[in-house]
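Comments concern the structure below.
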Amino acid sequence: MSAENEAIVRNFCTAFARRNLDELLGFFTPDAVYHNIPLEPVKGVGAIRTTFEMFMGPAEKAEFEILHMASAGNVVLNERVDRFVIAGKEVALPVAGVFEIRGGKIAAWRDYFDMQMYTKQIS
């Protein structure tokens with residue numbers, strides 16, 4: 001089961017480069033929770049869509065580079081570098097992600113990162 005869950009997360013991270021919101025939202029359960037730890041969590045596919053639109057809208061490019069991945073049961077952890085191009089500026093953000101999988105979909109996604117590192121790169 002862990003290998004299957006890792007494949008779901010890997011496919012999700014790969015899909016970000018295509019920037020297709022409907023495809024990305026298809027990875028989530030209807031009641032999924034997405035939490036960028038410096039910010040408030042959002043619940044449900046509609047709220048996740050709104051959040052994705054806020055940071056993907058201005059991004060000319062989005063790519064998740066997975067450095068390491070591990071899993072136990074329904075929980076998948078990954079260390080990534082999330083790379084964006086925003087207003088012509090390249091952003092490389094180290095991230096630790098925690099994904100909870102239920103029924104073959106992402107039921108919870110928490111990302112831990114340094115917001116100051118992000119804002120310095122886009123300002």
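Going by the structure tokens order, chains are called A, B, ..., each with residues numbered from 1, while ligands are numbered from 1 in the order shown.
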Would you kindly return, as a list in words, each protein, DNA or RNA residue with an atom no farther than 10 Å from any atom of Asn20 in chain A, considering only C-alpha atoms and excluding same-chain residues fewer than 5 positions away? Ala15, Leu25 and Met56 of chain A
Grab the residues selected above and save them as a CSV table (one decimal), in the first residue's frame with C-alpha atoms.
chain,number,residue,atom,x,y,z
A,15,ALA,CA,1.2,17.0,-12.6
A,25,LEU,CA,-8.0,18.8,-8.0
A,56,MET,CA,-0.6,29.5,-9.7
Would you please extract all strand (DSSP E) residues from chain A, as assigned by DSSP on the backbone, and give them as a ChimeraX atom specification? /A:28-36,42-43,59-72,75-86,89-102,105-112
In Å, with one decimal, what is the gap from CA of Lys120 in chain A to CA of Ile48 in chain A?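 Distance reported for this atom pair: 24.6 Å.
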List the spatial neighbours of Thr119 in chain A as an MDAnalysis selection string - criterion: any atom at most 12 Å away, only C-alpha atoms, same-chain residues fewer than 3 positions off excluded. chainID A and resid 86 89:93 113:116 122:123
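Of the listed residues A:Ile106, A:Ile37, A:Ala62, A:Val81, the one whose atoms come nearest to Ala7 in chain A is A:Ile106, with distances taken using only C-alpha atoms.
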Using only C-alpha atoms, which of the listed residues (A:Tyr118, A:Phe52, A:Phe84, A:Phe99) sits closest to Asp22 in chain A?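 Checking each candidate against Asp22 in chain A, we get A:Phe52 as the closest.
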Contacts of Phe12 in chain A within 9 Å, only C-alpha atoms, excl. fewer than 6 positions in-chain, as a JSON list (two decimals) with C-alpha atoms, in the first residue's frame:
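Below is the file around_28.json, written as the result:
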[["chain", "number", "residue", "atom", "x", "y", "z"],
["A", 23, "GLU", "CA", -6.29, 17.55, -13.15],
["A", 24, "LEU", "CA", -4.69, 18.60, -9.85],
["A", 27, "PHE", "CA", -6.14, 13.96, -6.87]]
Which is closer to Arg110 in chain A than all the others in A:Gly26, A:Gly97, A:Gly44, A:Pro58, using only C-alpha atoms?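 Between A:Gly26, A:Gly97, A:Gly44, A:Pro58, the residue approaching Arg110 in chain A most closely is A:Gly97.
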So which residues touch range 74-76 of chain A within 8 Å, counting only C-alpha atoms, skipping near sequence neighbours fewer than 3 positions away, as a ChimeraX atom specification? /A:1-2,5-6,9,69-71,98-102
Just list the residues in chain A DSSP gives alpha helix (DSSP H) on the backbone, as an mmCIF file with N, CA and C atoms, in the first residue's frame.
data_model
loop_
_atom_site.group_PDB
_atom_site.id
_atom_site.type_symbol
_atom_site.label_atom_id
_atom_site.label_comp_id
_atom_site.auth_asym_id
_atom_site.auth_seq_id
_atom_site.Cartn_x
_atom_site.Cartn_y
_atom_site.Cartn_z
ATOM 1 N N SER A 2 1.959 1.241 0.732
ATOM 2 C CA SER A 2 2.806 2.431 0.787
ATOM 3 C C SER A 2 3.336 2.808 -0.590
ATOM 4 N N ALA A 3 3.738 1.804 -1.391
ATOM 5 C CA ALA A 3 4.249 2.085 -2.737
ATOM 6 C C ALA A 3 3.170 2.722 -3.605
ATOM 7 N N GLU A 4 1.931 2.250 -3.473
ATOM 8 C CA GLU A 4 0.817 2.842 -4.225
ATOM 9 C C GLU A 4 0.594 4.292 -3.798
ATOM 10 N N ASN A 5 0.652 4.546 -2.503
ATOM 11 C CA ASN A 5 0.456 5.908 -1.997
ATOM 12 C C ASN A 5 1.580 6.826 -2.454
ATOM 13 N N GLU A 6 2.805 6.321 -2.455
ATOM 14 C CA GLU A 6 3.924 7.117 -2.966
ATOM 15 C C GLU A 6 3.726 7.443 -4.436
ATOM 16 N N ALA A 7 3.212 6.498 -5.218
ATOM 17 C CA ALA A 7 2.969 6.750 -6.639
ATOM 18 C C ALA A 7 1.930 7.845 -6.831
ATOM 19 N N ILE A 8 0.895 7.859 -5.995
ATOM 20 C CA ILE A 8 -0.131 8.910 -6.075
ATOM 21 C C ILE A 8 0.513 10.275 -5.838
ATOM 22 N N VAL A 9 1.334 10.377 -4.800
ATOM 23 C CA VAL A 9 1.984 11.654 -4.477
ATOM 24 C C VAL A 9 2.970 12.046 -5.573
ATOM 25 N N ARG A 10 3.735 11.093 -6.073
ATOM 26 C CA ARG A 10 4.689 11.387 -7.147
ATOM 27 C C ARG A 10 3.951 11.891 -8.398
ATOM 28 N N ASN A 11 2.853 11.220 -8.755
ATOM 29 C CA ASN A 11 2.073 11.652 -9.921
ATOM 30 C C ASN A 11 1.473 13.038 -9.713
ATOM 31 N N PHE A 12 1.016 13.310 -8.505
ATOM 32 C CA PHE A 12 0.475 14.631 -8.185
ATOM 33 C C PHE A 12 1.549 15.704 -8.339
ATOM 34 N N CYS A 13 2.723 15.450 -7.773
ATOM 35 C CA CYS A 13 3.808 16.432 -7.853
ATOM 36 C C CYS A 13 4.236 16.657 -9.299
ATOM 37 N N THR A 14 4.274 15.611 -10.085
ATOM 38 C CA THR A 14 4.618 15.730 -11.509
ATOM 39 C C THR A 14 3.562 16.542 -12.255
ATOM 40 N N ALA A 15 2.303 16.357 -11.893
ATOM 41 C CA ALA A 15 1.197 17.043 -12.568
ATOM 42 C C ALA A 15 1.263 18.558 -12.391
ATOM 43 N N LEU A 21 -5.584 22.884 -13.363
ATOM 44 C CA LEU A 21 -6.261 22.852 -12.063
ATOM 45 C C LEU A 21 -7.220 21.684 -11.922
ATOM 46 N N ASP A 22 -7.972 21.386 -12.963
ATOM 47 C CA ASP A 22 -8.923 20.280 -12.870
ATOM 48 C C ASP A 22 -8.186 18.954 -12.651
ATOM 49 N N GLU A 23 -7.081 18.762 -13.352
ATOM 50 C CA GLU A 23 -6.287 17.551 -13.148
ATOM 51 C C GLU A 23 -5.778 17.482 -11.712
ATOM 52 N N LEU A 24 -5.231 18.579 -11.212
ATOM 53 C CA LEU A 24 -4.691 18.601 -9.852
ATOM 54 C C LEU A 24 -5.779 18.336 -8.811
ATOM 55 N N LEU A 25 -6.924 18.953 -8.974
ATOM 56 C CA LEU A 25 -8.002 18.782 -8.002
ATOM 57 C C LEU A 25 -8.553 17.357 -8.020
ATOM 58 N N VAL A 45 -12.485 20.754 -1.910
ATOM 59 C CA VAL A 45 -11.899 20.962 -3.229
ATOM 60 C C VAL A 45 -12.106 22.399 -3.723
ATOM 61 N N GLY A 46 -13.242 22.996 -3.423
ATOM 62 C CA GLY A 46 -13.488 24.380 -3.854
ATOM 63 C C GLY A 46 -12.506 25.350 -3.236
ATOM 64 N N ALA A 47 -12.251 25.207 -1.946
ATOM 65 C CA ALA A 47 -11.295 26.090 -1.254
ATOM 66 C C ALA A 47 -9.875 25.820 -1.728
ATOM 67 N N ILE A 48 -9.563 24.561 -2.014
ATOM 68 C CA ILE A 48 -8.235 24.239 -2.540
ATOM 69 C C ILE A 48 -8.060 24.864 -3.916
ATOM 70 N N ARG A 49 -9.097 24.821 -4.749
ATOM 71 C CA ARG A 49 -9.039 25.466 -6.074
ATOM 72 C C ARG A 49 -8.718 26.950 -5.931
ATOM 73 N N THR A 50 -9.431 27.629 -5.029
ATOM 74 C CA THR A 50 -9.211 29.068 -4.825
ATOM 75 C C THR A 50 -7.764 29.338 -4.408
ATOM 76 N N THR A 51 -7.240 28.521 -3.516
ATOM 77 C CA THR A 51 -5.858 28.686 -3.054
ATOM 78 C C THR A 51 -4.883 28.454 -4.204
ATOM 79 N N PHE A 52 -5.099 27.390 -4.974
ATOM 80 C CA PHE A 52 -4.225 27.115 -6.119
ATOM 81 C C PHE A 52 -4.267 28.274 -7.116
ATOM 82 N N GLU A 53 -5.447 28.816 -7.366
ATOM 83 C CA GLU A 53 -5.581 29.930 -8.306
ATOM 84 C C GLU A 53 -4.781 31.137 -7.842
ATOM 85 N N MET A 54 -4.727 31.363 -6.525
ATOM 86 C CA MET A 54 -4.004 32.525 -5.996
ATOM 87 C C MET A 54 -2.508 32.431 -6.264
ATOM 88 N N PHE A 55 -1.921 31.236 -6.098
ATOM 89 C CA PHE A 55 -0.483 31.183 -6.303
ATOM 90 C C PHE A 55 -0.083 30.636 -7.661
ATOM 91 N N MET A 56 -0.973 29.943 -8.355
ATOM 92 C CA MET A 56 -0.619 29.453 -9.684
ATOM 93 C C MET A 56 -0.951 30.466 -10.760
ATOM 94 N N MET A 115 8.190 31.004 4.855
ATOM 95 C CA MET A 115 7.502 32.035 4.082
ATOM 96 C C MET A 115 8.412 33.212 3.770
ATOM 97 N N GLN A 116 9.313 33.550 4.687
ATOM 98 C CA GLN A 116 10.228 34.658 4.446
ATOM 99 C C GLN A 116 11.145 34.361 3.260
ATOM 100 N N MET A 117 11.571 33.117 3.144
ATOM 101 C CA MET A 117 12.418 32.741 2.018
ATOM 102 C C MET A 117 11.664 32.934 0.702
ATOM 103 N N TYR A 118 10.371 32.613 0.707
ATOM 104 C CA TYR A 118 9.532 32.786 -0.478
ATOM 105 C C TYR A 118 9.377 34.266 -0.815
ATOM 106 N N THR A 119 8.977 35.075 0.169
ATOM 107 C CA THR A 119 8.712 36.492 -0.099
ATOM 108 C C THR A 119 9.983 37.241 -0.515
ATOM 109 N N LYS A 120 11.130 36.857 0.014
ATOM 110 C CA LYS A 120 12.394 37.495 -0.397
ATOM 111 C C LYS A 120 12.661 37.262 -1.877
ATOM 112 N N GLN A 121 12.312 36.085 -2.351
ATOM 113 C CA GLN A 121 12.615 35.745 -3.744
ATOM 114 C C GLN A 121 11.678 36.421 -4.728
ATOM 115 N N ILE A 122 10.444 36.740 -4.309
ATOM 116 C CA ILE A 122 9.517 37.361 -5.254
ATOM 117 C C ILE A 122 9.502 38.886 -5.147
#
Distance of CA of Val95 in chain A from CA of Phe64 in chain A, expressed in Å to one decimal place: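 CA of Val95 in chain A lies at a distance of 9.4 Å from CA of Phe64 in chain A.
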Just give me the gap between CA of Pro38 in chain A and CA of Glu79 in chain A in Å, one decimal is fine. 17.0 Å
From the options A:Phe28, A:Leu39, A:Arg18, A:Gly88, which residue's atoms come nearest to Gly104 in chain A, counting only C-alpha atoms? A:Phe28
Please identify all polymer residues within 6 Å of Ala96 in chain A, counting only C-alpha atoms, omitting same-chain residues fewer than 4 positions from it, and present them as a list in words.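 Once the nearby chain positions are removed, what remains is Asn78, Glu79, Asp111 and Tyr112 of chain A.
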Could the residues in this selection be written to a file with C-alpha atoms, as an mmCIF file, in the first residue's frame?
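Writing done, so here's part16.cif:
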data_model
loop_
_atom_site.group_PDB
_atom_site.id
_atom_site.type_symbol
_atom_site.label_atom_id
_atom_site.label_comp_id
_atom_site.auth_asym_id
_atom_site.auth_seq_id
_atom_site.Cartn_x
_atom_site.Cartn_y
_atom_site.Cartn_z
ATOM 1 C CA ASN A 78 8.551 14.118 0.812
ATOM 2 C CA GLU A 79 11.357 16.639 0.740
ATOM 3 C CA ASP A 111 3.550 21.728 3.442
ATOM 4 C CA TYR A 112 6.202 23.126 5.771
#
